[in-house]
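To keep things clear, I will list the structure first and then write my remarks on it.
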Amino acid sequence: MSLTNEVKEHALSSGADLVGIAGIDRYENAPVMMRPQGLLPEARSVVVMALHHPDGCIEMGGDPHPQDIGPYTVQYTMNSMLDELSFRMGRFLEDAGWDALPIVSSNIWRYRGYEGLREHFAPDVSHIHAAVAAGLADFGYSGLAMTPEYGPRNRFVQVITTARLEATPLLQETLCDDCGLCRKHCLSGALTEEIDGWNEVKISGRTFRYANKNLWRCAWGEHFDIDLDLELPARVDEETILDAIEEHGQRGGEFGSCLRYCLPKHLRYFDRSYTTAPRRRKEIENPPARPRRKVMEQINGVSSVYGCEGAIMLSSDKLASCGIDPSKFLPDARSGAVVYFHLNDHIPESGRIRAACQDKANFAAYRIARILEDEGYSVVCESRIAPDDLDHMLSGTDAEGAVSVQTVFTSASLPDSDPTSAVTCSVRPDKGLKHALHDRALRSGVDLFGVAPADRLTEIAGKLRPVYANRTVLNARDRNRNFQPFDPEITEEPIEIKTPEDTLPGPESVIVLGLHYNSAPVQYAAEPPAKTVGPYVFSRYESQFLLTRYALDVVAMLESGGYRAAVSFDPLGTGGYTASVRGNLYDKFSCRFAAISAGLATITRSGIPATKNFGINQVFVAVVTDAELEADDLEIYDSCGDCQKCLQSCPVGAFRNPVQLEVDGQPVTFADRDYRRCDWDKRYFLPAESGFGVMGSPVDLHPPDEVSTEELDKGLRKHDPITKGRPSIAEKCVVVCPLGAGRA
Ligand code: B12
């Protein structure tokens with residue numbers, strides 16, 4: 001099998017609806033800072049993947065107003081699923097021996113032009129252009145990428161790689177017939193006002209084009225959430241946007257009418273009794289009322305793939321008996337399916353864990369919707385069901401009391417079903433529980449699995465306490481919303497050294513899981529010509545999000561075997577946070593003693609854990625349990641020799657004298673840190689040098705000798721309202737580390 005075919009097979013079997021490949025020669029006319037070779041110098045190919053928005057989510061969304069987005073919230077689920085596709089494709093290519101740079105599905109990294117880049121609202125690389133360059137799409141008038149299969153109802157993602165893959169031919173058809181519906185329905189006037197001619201995109205001798213619109217205007221409701229019923233100024237720019245927010249506040253996100261009303265001629269038809277949007281002709285017309293048995297099995301299987309607890313099907317009779325009229329959500333709906341996940345008592349109130357549970361339910365529901373849609377049924381993913389109605393629907397089923405649920409309504413007649421239990425503790429007697437858990441973790445996707453006795457960590461905690469005694473950190477939160485000035489609320493809190501007992505009473509073992517992220521994003525972080533830290537930031541948060549889901553699979557398995565278990569990102573509490581565009585992440589120092597105690601890692605001079613396979617390019621998480629599991633041996637070794645690069649490169653001078661400990665009789669030495677100085681950089685993104693500068697932040701502040709509440713308050717107030725919500729950091733100690741990027 002050729003690598004090209006393997007790549008395509010990997011994409012499709014991972015759930016992509018479309019996959020195409022662009023050769024690097026198609027990027028001759030792309031801006032230098034936004035072309036694949038700008039980010040990865042030896043890039044030869046770009047793999048582009050797409051997911052289709054379930055049609056019901058488009059046709060029922062944005063009604064009666066584009067700022068009532070309704071089931072179009074599926075876009076957030078799709079973005080997260082595309083992120084996973086991108087991350088996994090990056091790993092697939094790296095495992096095949098090539099460098100690969102997975103790109104995030106959607107993020108604006110630079111709002112304003114930067115150095116040679118004149119584009120505003122710039123991503124790392126454009127997926128719309130990539131979709132066209134990879135032969136999947138044509139541009140519509142609005143600038144959206146339209147495919148022959150779904151029109152603009154796709155979202156895209158891409159992975160840049162050094163692998164030489166066979167390019168997909170460019171699309172020959174013109175899909176936009178200039179029907180004018182996007183222009184007619186755009187409430188911000190972005191497709192009729194302030195248009196500056198055409199954007200001409202020249203790829204391999206062909207010229208594609210779309211309207212050159214004012215993106216600030218386009219973003220008025222969609223990105224800045226400003227009320228679209230207000231009269232927009234004649235010229236919309238950063239200043240008028242900020243003024244409008246100050247004067248009127250924000251209304252909410254927008255479902256772009258350019259997407260809702262657009263379909264190529266061969267796919268569109270109108271049924272005004274169903275929706276005001278055009279409807280898409282499906283590949284299969286008039287499917288049988290009841291789906292084939294294979295489809296029912298696929299639906300049952302999906303919930304386990306995403307580690308949900310099950311899928312409950314609700315027939316029309318059952319829905320009627322609960323007083324629910326599914327046609328309120330989808331005019332031709334006959335039945336529904338609910339996927340669900342409970343939170344156990346031992347899971348702390350962690351936003352990250354709740355988000356992972358909700359992702360499981362959302363991903364499974366999306367996948368069920370797509371299976372049914374491909375069979376010719378209409379579907380919609382709906383999260384707006386009133387809590388009482390949901391209770392009625394789920395009462396008497398295994399889903400009762402679930403906190404993370406997602407519902408699909410469909411025109412298919414699904415029968416009432418018994419819930420399927422996704423995770424069972426199937427332990428082969430000859431191999432035992434530890435083996436079964438390891439196996440479960442590998443099937444979920446983890447790379448590293450180790451076990452420490454809880455006592456080992458408790459003992460280390462005892463030795464660490466004197467080191468951190470009487471020391472505090474500053475926790476700052478922004479009282480204002482996005483796009484308003486930073487208004488800090490700062491509290492001073494002690495650095496508390498915890499033990500596994502704090503995560504789960506009566507712990508016996510700590511299972512540690514590790515997930516490697518690609519090396520190329522670390523290696524090329526902030527490197528010219530693109531000078532972006534976007535792919536690094538993406539790899540950091542995506543690996544943490546995925547690993548959280550995988551850890552929950554391990555928890556579920558333990559619980560189904562009668563054990564108790566809980567997740568911790570930092571069981572001893574010597575780590576902290578790094579800011580990211582997706583909120584605070586657990587930093588590179590988190591979970592280090594758990595990783596060391598479970599025999600997975602050694603410690604580097606900076607205090608970041610390192611492994612033989614992946615250096616410092618991985619993330620760890622711990623599952624604390626009352627199950628007694630065989631402990632792994634320690635693997636402590638000197639990974640640094642004489643190298644001092646991390647200590648010397650720190651832009652805020654955070655490193656202090658070394659701390660020396662013994663773990664099970666072996667020496668562990670690492671540099672102490674001044675947490676406040678370190679946070680000034682990685683958590684509060686004030687110095688430009690660590691990456692926020694190259695992403696266009698105008699702030700560049702170095703910490704004073706003493707980082708006090710007052711000084712931090714003063715610093716944070718300097719953040720710019722537009723960029724403050726998108727912090728992006730590549731920590732210097734990581735980038736210079738030979739076990740990270742290894743740059744001098
Ligand atoms: C910034 C952004 C926005 C901004 C600005 C919109 C815009 N059109 O740029 C805002 C917030 C307004 C927005 C809105 C929406 N967005 Co948006 N957004 C993006 C983002 C992050 C970047 C878009 C981009 O590259 N713009 C290009 C700008 C910076 O430059 P430009 O002048 O148009 O391009 C020039 C050069 O850059 C050059 N160029 C760049 N690359 C290349 C490559 C080659 C080969 C060549 C020759 C030239 C070239 O060519 C142009 C001409 O000179 C992408 C995700 C991504 N990474 O691509 C999603 C993305 C474009 N958004 C998407 C969607 C769905 C939407 C909305 C429909 C969401 C909604 N709520 O309804 C609306 C629709 C608005 C619209 N009609 O464009 C999808 C589009 C999918 C599709 N089918 O096309 C994307 C691709 C996200 C995804 N993962 O799928 N979005």
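Residue names in the structure tokens use chain letters A, B, ... in the order shown, residue numbers from 1 in each chain, and ligand numbers from 1 in the order shown.
For Asn657 (chain A), the non-local neighbours within 12 Å, defined as residues at least 6 positions apart in the same chain or in other chains and counting only C-alpha atoms, are Val467, Arg605, Ser606, Gly607, Leu647, Thr669, Phe670, Ala671, Asp672, Arg673 and Asp674 of chain A.
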Skipping near chain neighbours, those fewer than 4 positions away, what residues fall within 10 Å of Glu28 (chain A) using only C-alpha atoms, listed as number ranges by chain?
A: 24, 32, 35, 202-204
Keeping N, CA, C and O atoms for every residue in the selection just given, could you write it to a file as a short mmCIF file (atom, residue, chain, number, x, y, z; two decimals), in the first residue's frame?
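Result went into part-v3.cif, see below:
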```cif
data_model
loop_
_atom_site.label_atom_id
_atom_site.label_comp_id
_atom_site.auth_asym_id
_atom_site.auth_seq_id
_atom_site.Cartn_x
_atom_site.Cartn_y
_atom_site.Cartn_z
N ILE A 24 3.34 20.75 -2.45
CA ILE A 24 3.83 22.05 -2.00
C ILE A 24 3.95 23.04 -3.17
O ILE A 24 3.89 24.26 -2.99
N VAL A 32 4.29 34.27 2.24
CA VAL A 32 5.41 33.50 2.78
C VAL A 32 5.16 33.04 4.22
O VAL A 32 5.45 31.91 4.59
N ARG A 35 2.45 30.09 4.26
CA ARG A 35 2.52 28.90 3.40
C ARG A 35 3.15 27.75 4.19
O ARG A 35 3.92 28.00 5.12
N LYS A 202 -4.16 32.16 -7.16
CA LYS A 202 -3.61 31.44 -8.32
C LYS A 202 -2.93 30.16 -7.84
O LYS A 202 -1.95 30.19 -7.10
N ILE A 203 -3.46 29.03 -8.31
CA ILE A 203 -2.91 27.73 -7.92
C ILE A 203 -2.66 26.91 -9.18
O ILE A 203 -3.60 26.64 -9.95
N SER A 204 -1.41 26.53 -9.39
CA SER A 204 -1.01 25.69 -10.53
C SER A 204 -1.66 26.15 -11.84
O SER A 204 -2.31 25.37 -12.54
#
```
Where does region 512-532 of chain A meet region 692-716 of chain A within 7 Å, residue by residue, with the nearest atom pair and distance in Å to one decimal for each, counting only C-alpha atoms, listed by chain and rising number, as a Markdown table?
```
| residue | atom | partner | partner_atom | distance |
| --- | --- | --- | --- | --- |
| A:Ala526 | CA | A:Val694 | CA | 6.9 |
| A:Lys531 | CA | A:Val694 | CA | 6.2 |
| A:Thr532 | CA | A:Met695 | CA | 6.4 |
```
Could you report the residues within 6 Å of ligand 1, using only C-alpha atoms and all ligand atoms, as an NGL selection string?
:A and (26-27 or 29-31 or 105-108 or 119-123 or 125-129 or 133 or 142-146 or 152-157 or 199-203 or 215 or 218-219 or 222-223 or 254-256 or 258-259)
Excluding region 497-509 of chain A and residues on its chain fewer than 4 positions from it, collect all residues at most 8 Å away from it, counting only C-alpha atoms, and give them as an MDAnalysis selection string.
chainID A and resid 346 348 451:455 457:458 461 464:465 468 565:568 571:574 624:629 631
Restricting it to N, CA and C atoms, dump the selection as an mmCIF file, in the first residue's frame.
```
data_model
loop_
_atom_site.group_PDB
_atom_site.id
_atom_site.type_symbol
_atom_site.label_atom_id
_atom_site.label_comp_id
_atom_site.auth_asym_id
_atom_site.auth_seq_id
_atom_site.Cartn_x
_atom_site.Cartn_y
_atom_site.Cartn_z
ATOM 1 N N HIS A 346 -15.966 10.576 42.640
ATOM 2 C CA HIS A 346 -14.573 10.870 42.964
ATOM 3 C C HIS A 346 -13.935 11.856 42.003
ATOM 4 N N PRO A 348 -13.278 15.303 40.854
ATOM 5 C CA PRO A 348 -13.459 16.629 41.448
ATOM 6 C C PRO A 348 -14.149 17.564 40.454
ATOM 7 N N VAL A 451 2.820 2.387 36.837
ATOM 8 C CA VAL A 451 2.105 2.378 38.113
ATOM 9 C C VAL A 451 3.076 2.668 39.255
ATOM 10 N N ALA A 452 2.636 3.543 40.154
ATOM 11 C CA ALA A 452 3.400 3.814 41.386
ATOM 12 C C ALA A 452 2.538 3.436 42.581
ATOM 13 N N PRO A 453 3.140 2.895 43.637
ATOM 14 C CA PRO A 453 2.343 2.727 44.852
ATOM 15 C C PRO A 453 2.031 4.115 45.404
ATOM 16 N N ALA A 454 0.821 4.306 45.906
ATOM 17 C CA ALA A 454 0.446 5.632 46.416
ATOM 18 C C ALA A 454 1.423 6.081 47.502
ATOM 19 N N ASP A 455 1.906 5.126 48.294
ATOM 20 C CA ASP A 455 2.829 5.481 49.392
ATOM 21 C C ASP A 455 4.099 6.160 48.900
ATOM 22 N N LEU A 457 4.428 8.213 46.495
ATOM 23 C CA LEU A 457 4.161 9.641 46.281
ATOM 24 C C LEU A 457 3.969 10.374 47.598
ATOM 25 N N THR A 458 3.328 9.684 48.551
ATOM 26 C CA THR A 458 3.108 10.329 49.850
ATOM 27 C C THR A 458 4.463 10.616 50.518
ATOM 28 N N ALA A 461 6.002 13.586 48.919
ATOM 29 C CA ALA A 461 5.297 14.807 49.372
ATOM 30 C C ALA A 461 5.894 15.271 50.703
ATOM 31 N N LEU A 464 9.014 17.083 50.078
ATOM 32 C CA LEU A 464 8.875 18.362 49.352
ATOM 33 C C LEU A 464 8.322 19.476 50.243
ATOM 34 N N ARG A 465 7.563 19.093 51.258
ATOM 35 C CA ARG A 465 6.880 20.124 52.073
ATOM 36 C C ARG A 465 7.818 21.205 52.599
ATOM 37 N N TYR A 468 8.697 23.873 49.986
ATOM 38 C CA TYR A 468 7.676 24.832 49.554
ATOM 39 C C TYR A 468 6.988 25.548 50.723
ATOM 40 N N ALA A 565 -11.775 5.273 41.589
ATOM 41 C CA ALA A 565 -10.654 5.895 40.867
ATOM 42 C C ALA A 565 -10.972 7.355 40.577
ATOM 43 N N ALA A 566 -9.954 8.189 40.523
ATOM 44 C CA ALA A 566 -10.151 9.608 40.201
ATOM 45 C C ALA A 566 -8.929 10.144 39.457
ATOM 46 N N VAL A 567 -9.182 11.143 38.632
ATOM 47 C CA VAL A 567 -8.119 11.710 37.790
ATOM 48 C C VAL A 567 -7.477 12.906 38.475
ATOM 49 N N SER A 568 -6.166 12.992 38.370
ATOM 50 C CA SER A 568 -5.493 14.217 38.819
ATOM 51 C C SER A 568 -4.427 14.598 37.793
ATOM 52 N N PRO A 571 -0.897 15.328 41.024
ATOM 53 C CA PRO A 571 -1.272 14.815 42.349
ATOM 54 C C PRO A 571 -0.495 15.433 43.516
ATOM 55 N N LEU A 572 0.741 15.887 43.303
ATOM 56 C CA LEU A 572 1.459 16.490 44.428
ATOM 57 C C LEU A 572 1.355 18.014 44.450
ATOM 58 N N GLY A 573 0.933 18.590 43.338
ATOM 59 C CA GLY A 573 0.696 20.038 43.332
ATOM 60 C C GLY A 573 1.945 20.888 43.215
ATOM 61 N N THR A 574 3.003 20.368 42.574
ATOM 62 C CA THR A 574 4.182 21.235 42.404
ATOM 63 C C THR A 574 4.190 21.902 41.029
ATOM 64 N N VAL A 624 -5.692 8.004 40.282
ATOM 65 C CA VAL A 624 -5.456 7.482 41.633
ATOM 66 C C VAL A 624 -6.574 6.484 41.939
ATOM 67 N N THR A 625 -6.199 5.292 42.431
ATOM 68 C CA THR A 625 -7.215 4.251 42.644
ATOM 69 C C THR A 625 -6.968 3.471 43.932
ATOM 70 N N ASP A 626 -8.048 2.826 44.398
ATOM 71 C CA ASP A 626 -7.882 1.954 45.563
ATOM 72 C C ASP A 626 -7.534 0.527 45.136
ATOM 73 N N ALA A 627 -7.354 0.297 43.835
ATOM 74 C CA ALA A 627 -6.935 -1.034 43.385
ATOM 75 C C ALA A 627 -5.450 -1.207 43.669
ATOM 76 N N GLU A 628 -5.104 -2.371 44.167
ATOM 77 C CA GLU A 628 -3.683 -2.648 44.413
ATOM 78 C C GLU A 628 -3.074 -3.192 43.135
ATOM 79 N N LEU A 629 -2.154 -2.467 42.571
ATOM 80 C CA LEU A 629 -1.555 -2.893 41.293
ATOM 81 C C LEU A 629 -0.054 -3.031 41.484
ATOM 82 N N ALA A 631 3.645 -2.381 41.221
ATOM 83 C CA ALA A 631 4.333 -1.118 40.903
ATOM 84 C C ALA A 631 5.439 -1.343 39.871
#
```
Could you pull out the alpha helix (DSSP H) residues of region 120-319 of chain A, going by DSSP on the backbone, and write them as an MDAnalysis selection string?
chainID A and resid 127:133 181:185 215:222 238:248 257:260 293:305 316:319
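Among A:Ala741, A:Leu51, A:Ala134, A:Val512, the residue with the shortest atom-to-atom distance to Phe614 (chain A), counting only C-alpha atoms, is A:Ala741.
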